[in-house]
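Undergrad: Below you'll find model.pdb; it's PDB, N, CA, C and O atoms.
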```
ATOM      1  N   MET A   1     -12.556   4.060  25.271
ATOM      2  CA  MET A   1     -11.329   4.317  24.557
ATOM      3  C   MET A   1     -10.239   3.336  24.984
ATOM      4  O   MET A   1      -9.388   2.995  24.198
ATOM      5  N   ARG A   2     -10.286   2.927  26.235
ATOM      6  CA  ARG A   2      -9.275   1.981  26.715
ATOM      7  C   ARG A   2      -9.378   0.663  25.959
ATOM      8  O   ARG A   2      -8.371   0.032  25.652
ATOM      9  N   THR A   3     -10.599   0.236  25.646
ATOM     10  CA  THR A   3     -10.797  -1.010  24.898
ATOM     11  C   THR A   3     -10.192  -0.899  23.512
ATOM     12  O   THR A   3      -9.528  -1.836  23.047
ATOM     13  N   LEU A   4     -10.382   0.233  22.867
ATOM     14  CA  LEU A   4      -9.797   0.447  21.546
ATOM     15  C   LEU A   4      -8.273   0.407  21.639
ATOM     16  O   LEU A   4      -7.603  -0.234  20.819
ATOM     17  N   HIS A   5      -7.725   1.075  22.636
ATOM     18  CA  HIS A   5      -6.275   1.052  22.850
ATOM     19  C   HIS A   5      -5.786  -0.382  23.017
ATOM     20  O   HIS A   5      -4.809  -0.803  22.385
ATOM     21  N   ASP A   6      -6.449  -1.140  23.870
ATOM     22  CA  ASP A   6      -6.042  -2.517  24.128
ATOM     23  C   ASP A   6      -6.146  -3.386  22.872
ATOM     24  O   ASP A   6      -5.278  -4.234  22.624
ATOM     25  N   ASP A   7      -7.198  -3.178  22.081
ATOM     26  CA  ASP A   7      -7.353  -3.925  20.833
ATOM     27  C   ASP A   7      -6.216  -3.614  19.865
ATOM     28  O   ASP A   7      -5.682  -4.519  19.201
ATOM     29  N   LEU A   8      -5.843  -2.346  19.761
ATOM     30  CA  LEU A   8      -4.739  -1.961  18.878
ATOM     31  C   LEU A   8      -3.421  -2.579  19.346
ATOM     32  O   LEU A   8      -2.638  -3.094  18.541
ATOM     33  N   GLU A   9      -3.181  -2.566  20.650
ATOM     34  CA  GLU A   9      -1.959  -3.166  21.185
ATOM     35  C   GLU A   9      -1.957  -4.683  20.958
ATOM     36  O   GLU A   9      -0.924  -5.256  20.604
ATOM     37  N   HIS A  10      -3.102  -5.311  21.148
ATOM     38  CA  HIS A  10      -3.209  -6.759  20.937
ATOM     39  C   HIS A  10      -2.935  -7.102  19.468
ATOM     40  O   HIS A  10      -2.212  -8.065  19.164
ATOM     41  N   THR A  11      -3.497  -6.321  18.565
ATOM     42  CA  THR A  11      -3.273  -6.547  17.140
ATOM     43  C   THR A  11      -1.798  -6.356  16.799
ATOM     44  O   THR A  11      -1.225  -7.152  16.047
ATOM     45  N   ALA A  12      -1.176  -5.328  17.353
ATOM     46  CA  ALA A  12       0.255  -5.103  17.118
ATOM     47  C   ALA A  12       1.074  -6.281  17.640
ATOM     48  O   ALA A  12       2.019  -6.727  16.976
ATOM     49  N   ASP A  13       0.719  -6.802  18.802
ATOM     50  CA  ASP A  13       1.411  -7.976  19.348
ATOM     51  C   ASP A  13       1.271  -9.181  18.411
ATOM     52  O   ASP A  13       2.245  -9.905  18.171
ATOM     53  N   ASP A  14       0.067  -9.393  17.909
ATOM     54  CA  ASP A  14      -0.167 -10.510  16.984
ATOM     55  C   ASP A  14       0.657 -10.344  15.710
ATOM     56  O   ASP A  14       1.240 -11.312  15.204
ATOM     57  N   LEU A  15       0.707  -9.127  15.186
ATOM     58  CA  LEU A  15       1.484  -8.880  13.978
ATOM     59  C   LEU A  15       2.983  -9.065  14.226
ATOM     60  O   LEU A  15       3.703  -9.544  13.344
ATOM     61  N   GLU A  16       3.449  -8.717  15.416
ATOM     62  CA  GLU A  16       4.855  -8.950  15.744
ATOM     63  C   GLU A  16       5.165 -10.444  15.759
ATOM     64  O   GLU A  16       6.236 -10.861  15.320
ATOM     65  N   GLU A  17       4.239 -11.238  16.247
ATOM     66  CA  GLU A  17       4.435 -12.695  16.244
ATOM     67  C   GLU A  17       4.531 -13.213  14.810
ATOM     68  O   GLU A  17       5.372 -14.059  14.495
ATOM     69  N   ILE A  18       3.687 -12.701  13.941
ATOM     70  CA  ILE A  18       3.731 -13.083  12.533
ATOM     71  C   ILE A  18       5.066 -12.657  11.918
ATOM     72  O   ILE A  18       5.694 -13.427  11.173
ATOM     73  N   ALA A  19       5.515 -11.449  12.229
ATOM     74  CA  ALA A  19       6.786 -10.957  11.696
ATOM     75  C   ALA A  19       7.949 -11.844  12.144
ATOM     76  O   ALA A  19       8.859 -12.126  11.362
ATOM     77  N   ARG A  20       7.920 -12.300  13.395
ATOM     78  CA  ARG A  20       8.971 -13.205  13.882
ATOM     79  C   ARG A  20       8.950 -14.518  13.098
ATOM     80  O   ARG A  20      10.004 -15.059  12.743
ATOM     81  N   GLY A  21       7.776 -15.034  12.842
ATOM     82  CA  GLY A  21       7.661 -16.261  12.048
ATOM     83  C   GLY A  21       8.181 -16.069  10.641
ATOM     84  O   GLY A  21       8.892 -16.923  10.098
ATOM     85  N   LEU A  22       7.832 -14.950  10.047
ATOM     86  CA  LEU A  22       8.322 -14.651   8.701
ATOM     87  C   LEU A  22       9.838 -14.484   8.685
ATOM     88  O   LEU A  22      10.499 -14.870   7.710
ATOM     89  N   ALA A  23      10.392 -13.914   9.744
ATOM     90  CA  ALA A  23      11.848 -13.745   9.811
ATOM     91  C   ALA A  23      12.532 -15.113   9.810
ATOM     92  O   ALA A  23      13.567 -15.292   9.158
ATOM     93  N   GLY A  24      11.966 -16.065  10.514
ATOM     94  CA  GLY A  24      12.511 -17.423  10.496
ATOM     95  C   GLY A  24      12.419 -18.038   9.113
ATOM     96  O   GLY A  24      13.350 -18.697   8.650
ATOM     97  N   HIS A  25      11.316 -17.806   8.455
ATOM     98  CA  HIS A  25      11.131 -18.311   7.091
ATOM     99  C   HIS A  25      12.138 -17.650   6.148
ATOM    100  O   HIS A  25      12.730 -18.328   5.299
ATOM    101  N   ALA A  26      12.359 -16.360   6.306
ATOM    102  CA  ALA A  26      13.328 -15.651   5.462
ATOM    103  C   ALA A  26      14.731 -16.193   5.685
ATOM    104  O   ALA A  26      15.511 -16.329   4.721
ATOM    105  N   LEU A  27      15.063 -16.502   6.917
ATOM    106  CA  LEU A  27      16.373 -17.082   7.216
ATOM    107  C   LEU A  27      16.537 -18.416   6.509
ATOM    108  O   LEU A  27      17.577 -18.686   5.894
ATOM    109  N   TYR A  28      15.515 -19.238   6.573
ATOM    110  CA  TYR A  28      15.550 -20.521   5.863
ATOM    111  C   TYR A  28      15.753 -20.298   4.368
ATOM    112  O   TYR A  28      16.595 -20.953   3.741
ATOM    113  N   LEU A  29      14.973 -19.386   3.792
ATOM    114  CA  LEU A  29      15.081 -19.132   2.357
ATOM    115  C   LEU A  29      16.461 -18.603   1.969
ATOM    116  O   LEU A  29      16.979 -18.925   0.905
ATOM    117  N   SER A  30      17.044 -17.787   2.842
ATOM    118  CA  SER A  30      18.348 -17.199   2.512
ATOM    119  C   SER A  30      19.452 -18.256   2.474
ATOM    120  O   SER A  30      20.492 -18.033   1.870
ATOM    121  N   HIS A  31      19.209 -19.404   3.103
ATOM    122  CA  HIS A  31      20.195 -20.488   3.097
ATOM    123  C   HIS A  31      19.863 -21.547   2.044
ATOM    124  O   HIS A  31      20.418 -22.639   2.072
ATOM    125  N   SER A  32      18.971 -21.203   1.157
ATOM    126  CA  SER A  32      18.576 -22.131   0.105
ATOM    127  C   SER A  32      18.827 -21.452  -1.248
ATOM    128  O   SER A  32      19.470 -20.416  -1.320
ATOM    129  N   ILE A  33      18.307 -22.053  -2.267
ATOM    130  CA  ILE A  33      18.460 -21.460  -3.594
ATOM    131  C   ILE A  33      17.469 -20.322  -3.827
ATOM    132  O   ILE A  33      17.478 -19.699  -4.871
ATOM    133  N   HIS A  34      16.656 -20.031  -2.846
ATOM    134  CA  HIS A  34      15.596 -19.025  -2.982
ATOM    135  C   HIS A  34      15.988 -17.696  -2.335
ATOM    136  O   HIS A  34      15.198 -17.091  -1.601
ATOM    137  N   THR A  35      17.173 -17.213  -2.626
ATOM    138  CA  THR A  35      17.646 -15.989  -1.968
ATOM    139  C   THR A  35      16.792 -14.774  -2.348
ATOM    140  O   THR A  35      16.586 -13.894  -1.511
ATOM    141  N   GLN A  36      16.298 -14.723  -3.582
ATOM    142  CA  GLN A  36      15.443 -13.594  -3.961
ATOM    143  C   GLN A  36      14.138 -13.621  -3.175
ATOM    144  O   GLN A  36      13.640 -12.584  -2.740
ATOM    145  N   ASP A  37      13.597 -14.814  -2.962
ATOM    146  CA  ASP A  37      12.385 -14.939  -2.149
ATOM    147  C   ASP A  37      12.647 -14.450  -0.728
ATOM    148  O   ASP A  37      11.784 -13.811  -0.109
ATOM    149  N   ALA A  38      13.837 -14.738  -0.205
ATOM    150  CA  ALA A  38      14.195 -14.276   1.139
ATOM    151  C   ALA A  38      14.188 -12.757   1.190
ATOM    152  O   ALA A  38      13.691 -12.160   2.157
ATOM    153  N   LEU A  39      14.730 -12.124   0.165
ATOM    154  CA  LEU A  39      14.736 -10.659   0.119
ATOM    155  C   LEU A  39      13.314 -10.105   0.053
ATOM    156  O   LEU A  39      13.003  -9.096   0.696
ATOM    157  N   ASP A  40      12.458 -10.771  -0.706
ATOM    158  CA  ASP A  40      11.056 -10.342  -0.810
ATOM    159  C   ASP A  40      10.347 -10.459   0.534
ATOM    160  O   ASP A  40       9.598  -9.563   0.934
ATOM    161  N   VAL A  41      10.590 -11.556   1.245
ATOM    162  CA  VAL A  41       9.963 -11.754   2.556
ATOM    163  C   VAL A  41      10.476 -10.692   3.529
ATOM    164  O   VAL A  41       9.704 -10.120   4.305
ATOM    165  N   LYS A  42      11.769 -10.399   3.480
ATOM    166  CA  LYS A  42      12.323  -9.375   4.368
ATOM    167  C   LYS A  42      11.694  -8.013   4.095
ATOM    168  O   LYS A  42      11.453  -7.238   5.026
ATOM    169  N   ALA A  43      11.419  -7.714   2.834
ATOM    170  CA  ALA A  43      10.754  -6.451   2.494
ATOM    171  C   ALA A  43       9.338  -6.423   3.076
ATOM    172  O   ALA A  43       8.890  -5.387   3.577
ATOM    173  N   ARG A  44       8.650  -7.550   3.018
ATOM    174  CA  ARG A  44       7.302  -7.635   3.596
ATOM    175  C   ARG A  44       7.354  -7.454   5.113
ATOM    176  O   ARG A  44       6.492  -6.808   5.701
ATOM    177  N   ILE A  45       8.380  -8.024   5.737
ATOM    178  CA  ILE A  45       8.537  -7.881   7.185
ATOM    179  C   ILE A  45       8.738  -6.412   7.538
ATOM    180  O   ILE A  45       8.176  -5.915   8.516
ATOM    181  N   SER A  46       9.513  -5.719   6.742
ATOM    182  CA  SER A  46       9.747  -4.296   6.982
ATOM    183  C   SER A  46       8.440  -3.508   6.903
ATOM    184  O   SER A  46       8.171  -2.642   7.751
ATOM    185  N   GLY A  47       7.628  -3.813   5.919
ATOM    186  CA  GLY A  47       6.328  -3.159   5.796
ATOM    187  C   GLY A  47       5.406  -3.503   6.956
ATOM    188  O   GLY A  47       4.681  -2.647   7.469
ATOM    189  N   LEU A  48       5.461  -4.756   7.384
ATOM    190  CA  LEU A  48       4.665  -5.189   8.522
ATOM    191  C   LEU A  48       5.092  -4.456   9.785
ATOM    192  O   LEU A  48       4.259  -4.012  10.576
ATOM    193  N   GLN A  49       6.402  -4.282   9.957
ATOM    194  CA  GLN A  49       6.902  -3.574  11.129
ATOM    195  C   GLN A  49       6.445  -2.120  11.125
ATOM    196  O   GLN A  49       6.115  -1.557  12.174
ATOM    197  N   ALA A  50       6.390  -1.508   9.946
ATOM    198  CA  ALA A  50       5.887  -0.132   9.857
ATOM    199  C   ALA A  50       4.425  -0.063  10.297
ATOM    200  O   ALA A  50       4.022   0.871  11.001
ATOM    201  N   SER A  51       3.640  -1.062   9.917
ATOM    202  CA  SER A  51       2.234  -1.107  10.337
ATOM    203  C   SER A  51       2.113  -1.299  11.848
ATOM    204  O   SER A  51       1.265  -0.683  12.494
ATOM    205  N   ILE A  52       2.984  -2.137  12.398
ATOM    206  CA  ILE A  52       2.994  -2.362  13.842
ATOM    207  C   ILE A  52       3.298  -1.053  14.565
ATOM    208  O   ILE A  52       2.624  -0.687  15.532
ATOM    209  N   ASP A  53       4.298  -0.349  14.074
ATOM    210  CA  ASP A  53       4.662   0.931  14.682
ATOM    211  C   ASP A  53       3.509   1.929  14.602
ATOM    212  O   ASP A  53       3.237   2.655  15.565
ATOM    213  N   ASP A  54       2.819   1.950  13.462
ATOM    214  CA  ASP A  54       1.667   2.850  13.300
ATOM    215  C   ASP A  54       0.551   2.503  14.288
ATOM    216  O   ASP A  54      -0.040   3.400  14.904
ATOM    217  N   LEU A  55       0.264   1.211  14.432
ATOM    218  CA  LEU A  55      -0.781   0.793  15.377
ATOM    219  C   LEU A  55      -0.441   1.223  16.794
ATOM    220  O   LEU A  55      -1.291   1.738  17.524
ATOM    221  N   ARG A  56       0.805   1.029  17.182
ATOM    222  CA  ARG A  56       1.217   1.403  18.535
ATOM    223  C   ARG A  56       1.160   2.928  18.725
ATOM    224  O   ARG A  56       0.792   3.413  19.795
ATOM    225  N   GLN A  57       1.504   3.650  17.687
ATOM    226  CA  GLN A  57       1.453   5.113  17.774
ATOM    227  C   GLN A  57       0.013   5.598  17.951
ATOM    228  O   GLN A  57      -0.256   6.485  18.770
ATOM    229  N   VAL A  58      -0.903   4.994  17.219
ATOM    230  CA  VAL A  58      -2.308   5.359  17.363
ATOM    231  C   VAL A  58      -2.807   4.986  18.761
ATOM    232  O   VAL A  58      -3.487   5.779  19.423
ATOM    233  N   ALA A  59      -2.448   3.785  19.211
ATOM    234  CA  ALA A  59      -2.866   3.359  20.552
ATOM    235  C   ALA A  59      -2.336   4.321  21.610
ATOM    236  O   ALA A  59      -3.064   4.700  22.533
ATOM    237  N   ASP A  60      -1.081   4.723  21.483
ATOM    238  CA  ASP A  60      -0.496   5.653  22.449
ATOM    239  C   ASP A  60      -1.184   7.010  22.405
ATOM    240  O   ASP A  60      -1.363   7.652  23.439
ATOM    241  N   SER A  61      -1.592   7.442  21.221
ATOM    242  CA  SER A  61      -2.250   8.743  21.118
ATOM    243  C   SER A  61      -3.635   8.723  21.761
ATOM    244  O   SER A  61      -4.110   9.744  22.250
ATOM    245  N   ILE A  62      -4.257   7.553  21.792
ATOM    246  CA  ILE A  62      -5.581   7.437  22.395
ATOM    247  C   ILE A  62      -5.505   7.634  23.904
ATOM    248  O   ILE A  62      -6.342   8.300  24.503
ATOM    249  N   THR A  63      -4.493   7.069  24.516
ATOM    250  CA  THR A  63      -4.392   7.153  25.974
ATOM    251  C   THR A  63      -3.472   8.272  26.429
ATOM    252  O   THR A  63      -3.328   8.510  27.633
ATOM    253  N   GLY A  64      -2.832   8.937  25.475
ATOM    254  CA  GLY A  64      -1.919  10.013  25.835
ATOM    255  C   GLY A  64      -0.592   9.513  26.357
ATOM    256  O   GLY A  64       0.174  10.255  26.965
ATOM    257  N   THR A  65      -0.279   8.238  26.100
ATOM    258  CA  THR A  65       0.988   7.661  26.534
ATOM    259  C   THR A  65       2.076   8.079  25.560
ATOM    260  O   THR A  65       1.924   7.897  24.354
ATOM    261  N   PRO A  66       3.191   8.629  26.040
ATOM    262  CA  PRO A  66       4.269   8.993  25.129
ATOM    263  C   PRO A  66       4.833   7.756  24.441
ATOM    264  O   PRO A  66       4.973   6.708  25.076
ATOM    265  N   PRO A  67       5.146   7.831  23.135
ATOM    266  CA  PRO A  67       5.703   6.682  22.418
ATOM    267  C   PRO A  67       6.971   6.171  23.089
ATOM    268  O   PRO A  67       7.803   6.949  23.555
ATOM    269  N   GLY A  68       7.095   4.847  23.161
ATOM    270  CA  GLY A  68       8.269   4.232  23.719
ATOM    271  C   GLY A  68       8.305   4.129  25.225
ATOM    272  O   GLY A  68       9.278   3.705  25.808
ATOM    273  N   SER A  69       7.231   4.516  25.916
ATOM    274  CA  SER A  69       7.233   4.466  27.375
ATOM    275  C   SER A  69       6.456   3.280  27.914
ATOM    276  O   SER A  69       6.010   3.293  29.051
ATOM    277  N   ASP A  70       6.276   2.252  27.078
ATOM    278  CA  ASP A  70       5.515   1.061  27.502
ATOM    279  C   ASP A  70       6.210   0.323  28.607
ATOM    280  O   ASP A  70       7.326   0.099  28.684
TER     281      ASP A  70
END
```
Could you write out this file's structure as structure tokens?
TA:
Amino acid sequence: MRTLHDDLEHTADDLEEIARGLAGHALYLSHSIHTQDALDVKARISGLQASIDDLRQVADSITGTPPGSD
């Protein structure tokens, strides 16, 4: 079970890195003529963050770690 927990945490970390990259891309778009694209990317980032939170919640439930006590 510890391996599954670690895999979920690793995946969440990877997704957070992707979200940070997308946030930079959204910032670039917001300063260009593509402001609607920036809003679309920000919406995707929000959905990605929800998935990250879900992964961490599942990982915490596997080990019995209370959420937010990392």
Undergrad: Tell me, as an MDAnalysis selection string, which residues lie within 6 Å of A:Lys42, counting only N, CA, C and O atoms; anything in the same chain fewer than 5 positions away does not count.
TA: chainID A and resid 26 37 47
Undergrad: Can those selected residues be exported to a file as a CSV table (one decimal), keeping the file's coordinate frame so that it contains N, CA, C and O atoms?
TA:
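Contents of the output file again.csv:
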```
chain,number,residue,atom,x,y,z
A,26,ALA,N,12.4,-16.4,6.3
A,26,ALA,CA,13.3,-15.7,5.5
A,26,ALA,C,14.7,-16.2,5.7
A,26,ALA,O,15.5,-16.3,4.7
A,37,ASP,N,13.6,-14.8,-3.0
A,37,ASP,CA,12.4,-14.9,-2.1
A,37,ASP,C,12.6,-14.4,-0.7
A,37,ASP,O,11.8,-13.8,-0.1
A,47,GLY,N,7.6,-3.8,5.9
A,47,GLY,CA,6.3,-3.2,5.8
A,47,GLY,C,5.4,-3.5,7.0
A,47,GLY,O,4.7,-2.6,7.5
```
Undergrad: Take every atom of stretch 48-57 of chain A listed in the file, pad by 6 Å on each side, and give me the axis-aligned box centre and edge lengths in Å, one decimal, as AutoDock Vina command-line options.
TA:
```
--center_x 2.8 --center_y 0.6 --center_z 13.6 --size_x 20.2 --size_y 23.7 --size_z 24.4
```
Undergrad: I'd like to see the residues matched by the PyMOL selection byres ((chain A and resi 8) around 8) on this file, and ideally I'd get them as a PyMOL selection string.
TA: chain A and resi 1-7+9-15+51-52+54-60
Undergrad: So how far away is atom CA of A:Ala19 from atom N of A:Leu48, in Å?
TA: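 Distance between the two atoms: 7.7 Å.
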Undergrad: Could you state the separation of atom C of A:His25 and atom C of A:Asp53 in Å, given to one decimal place?
TA: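 Atom C of A:Asp53 lies 23.0 Å from atom C of A:His25.
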Undergrad: Please fill the gaps in stretch 11-22 of chain A so it has all heavy atoms, and write that as a short mmCIF file (atom, residue, chain, number, x, y, z; two decimals), in the coordinates of the input.
TA:
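Here's the written file selection_28.cif:
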```cif
data_model
loop_
_atom_site.label_atom_id
_atom_site.label_comp_id
_atom_site.auth_asym_id
_atom_site.auth_seq_id
_atom_site.Cartn_x
_atom_site.Cartn_y
_atom_site.Cartn_z
N THR A 11 -3.50 -6.32 18.57
CA THR A 11 -3.27 -6.55 17.14
C THR A 11 -1.80 -6.36 16.80
O THR A 11 -1.23 -7.15 16.05
CB THR A 11 -4.15 -5.60 16.30
OG1 THR A 11 -5.52 -5.84 16.61
CG2 THR A 11 -3.92 -5.80 14.82
N ALA A 12 -1.18 -5.33 17.35
CA ALA A 12 0.26 -5.10 17.12
C ALA A 12 1.07 -6.28 17.64
O ALA A 12 2.02 -6.73 16.98
CB ALA A 12 0.70 -3.80 17.77
N ASP A 13 0.72 -6.80 18.80
CA ASP A 13 1.41 -7.98 19.35
C ASP A 13 1.27 -9.18 18.41
O ASP A 13 2.24 -9.90 18.17
CB ASP A 13 0.87 -8.33 20.73
CG ASP A 13 1.24 -7.33 21.81
OD1 ASP A 13 2.18 -6.52 21.60
OD2 ASP A 13 0.59 -7.36 22.87
N ASP A 14 0.07 -9.39 17.91
CA ASP A 14 -0.17 -10.51 16.98
C ASP A 14 0.66 -10.34 15.71
O ASP A 14 1.24 -11.31 15.20
CB ASP A 14 -1.65 -10.62 16.63
CG ASP A 14 -2.51 -11.13 17.77
OD1 ASP A 14 -1.94 -11.64 18.78
OD2 ASP A 14 -3.74 -11.00 17.67
N LEU A 15 0.71 -9.13 15.19
CA LEU A 15 1.48 -8.88 13.98
C LEU A 15 2.98 -9.06 14.23
O LEU A 15 3.70 -9.54 13.34
CB LEU A 15 1.20 -7.48 13.43
CG LEU A 15 -0.20 -7.28 12.85
CD1 LEU A 15 -0.40 -5.82 12.43
CD2 LEU A 15 -0.44 -8.21 11.66
N GLU A 16 3.45 -8.72 15.42
CA GLU A 16 4.86 -8.95 15.74
C GLU A 16 5.16 -10.44 15.76
O GLU A 16 6.24 -10.86 15.32
CB GLU A 16 5.21 -8.32 17.09
CG GLU A 16 5.44 -6.84 16.99
CD GLU A 16 5.87 -6.21 18.30
OE1 GLU A 16 5.54 -6.75 19.38
OE2 GLU A 16 6.53 -5.18 18.23
N GLU A 17 4.24 -11.24 16.25
CA GLU A 17 4.43 -12.70 16.24
C GLU A 17 4.53 -13.21 14.81
O GLU A 17 5.37 -14.06 14.50
CB GLU A 17 3.29 -13.36 16.99
CG GLU A 17 3.50 -14.84 17.20
CD GLU A 17 2.42 -15.47 18.08
OE1 GLU A 17 1.85 -14.77 18.92
OE2 GLU A 17 2.19 -16.67 17.91
N ILE A 18 3.69 -12.70 13.94
CA ILE A 18 3.73 -13.08 12.53
C ILE A 18 5.07 -12.66 11.92
O ILE A 18 5.69 -13.43 11.17
CB ILE A 18 2.54 -12.47 11.76
CG1 ILE A 18 1.25 -13.13 12.22
CG2 ILE A 18 2.73 -12.61 10.26
CD1 ILE A 18 -0.01 -12.43 11.76
N ALA A 19 5.52 -11.45 12.23
CA ALA A 19 6.79 -10.96 11.70
C ALA A 19 7.95 -11.84 12.14
O ALA A 19 8.86 -12.13 11.36
CB ALA A 19 7.02 -9.50 12.12
N ARG A 20 7.92 -12.30 13.40
CA ARG A 20 8.97 -13.20 13.88
C ARG A 20 8.95 -14.52 13.10
O ARG A 20 10.00 -15.06 12.74
CB ARG A 20 8.81 -13.46 15.37
CG ARG A 20 9.32 -12.34 16.24
CD ARG A 20 9.41 -12.73 17.70
NE ARG A 20 8.12 -13.08 18.29
CZ ARG A 20 7.28 -12.19 18.79
NH1 ARG A 20 7.56 -10.91 18.79
NH2 ARG A 20 6.12 -12.58 19.32
N GLY A 21 7.78 -15.03 12.84
CA GLY A 21 7.66 -16.26 12.05
C GLY A 21 8.18 -16.07 10.64
O GLY A 21 8.89 -16.92 10.10
N LEU A 22 7.83 -14.95 10.05
CA LEU A 22 8.32 -14.65 8.70
C LEU A 22 9.84 -14.48 8.68
O LEU A 22 10.50 -14.87 7.71
CB LEU A 22 7.65 -13.38 8.16
CG LEU A 22 6.20 -13.54 7.72
CD1 LEU A 22 5.62 -12.16 7.37
CD2 LEU A 22 6.09 -14.48 6.54
#
```
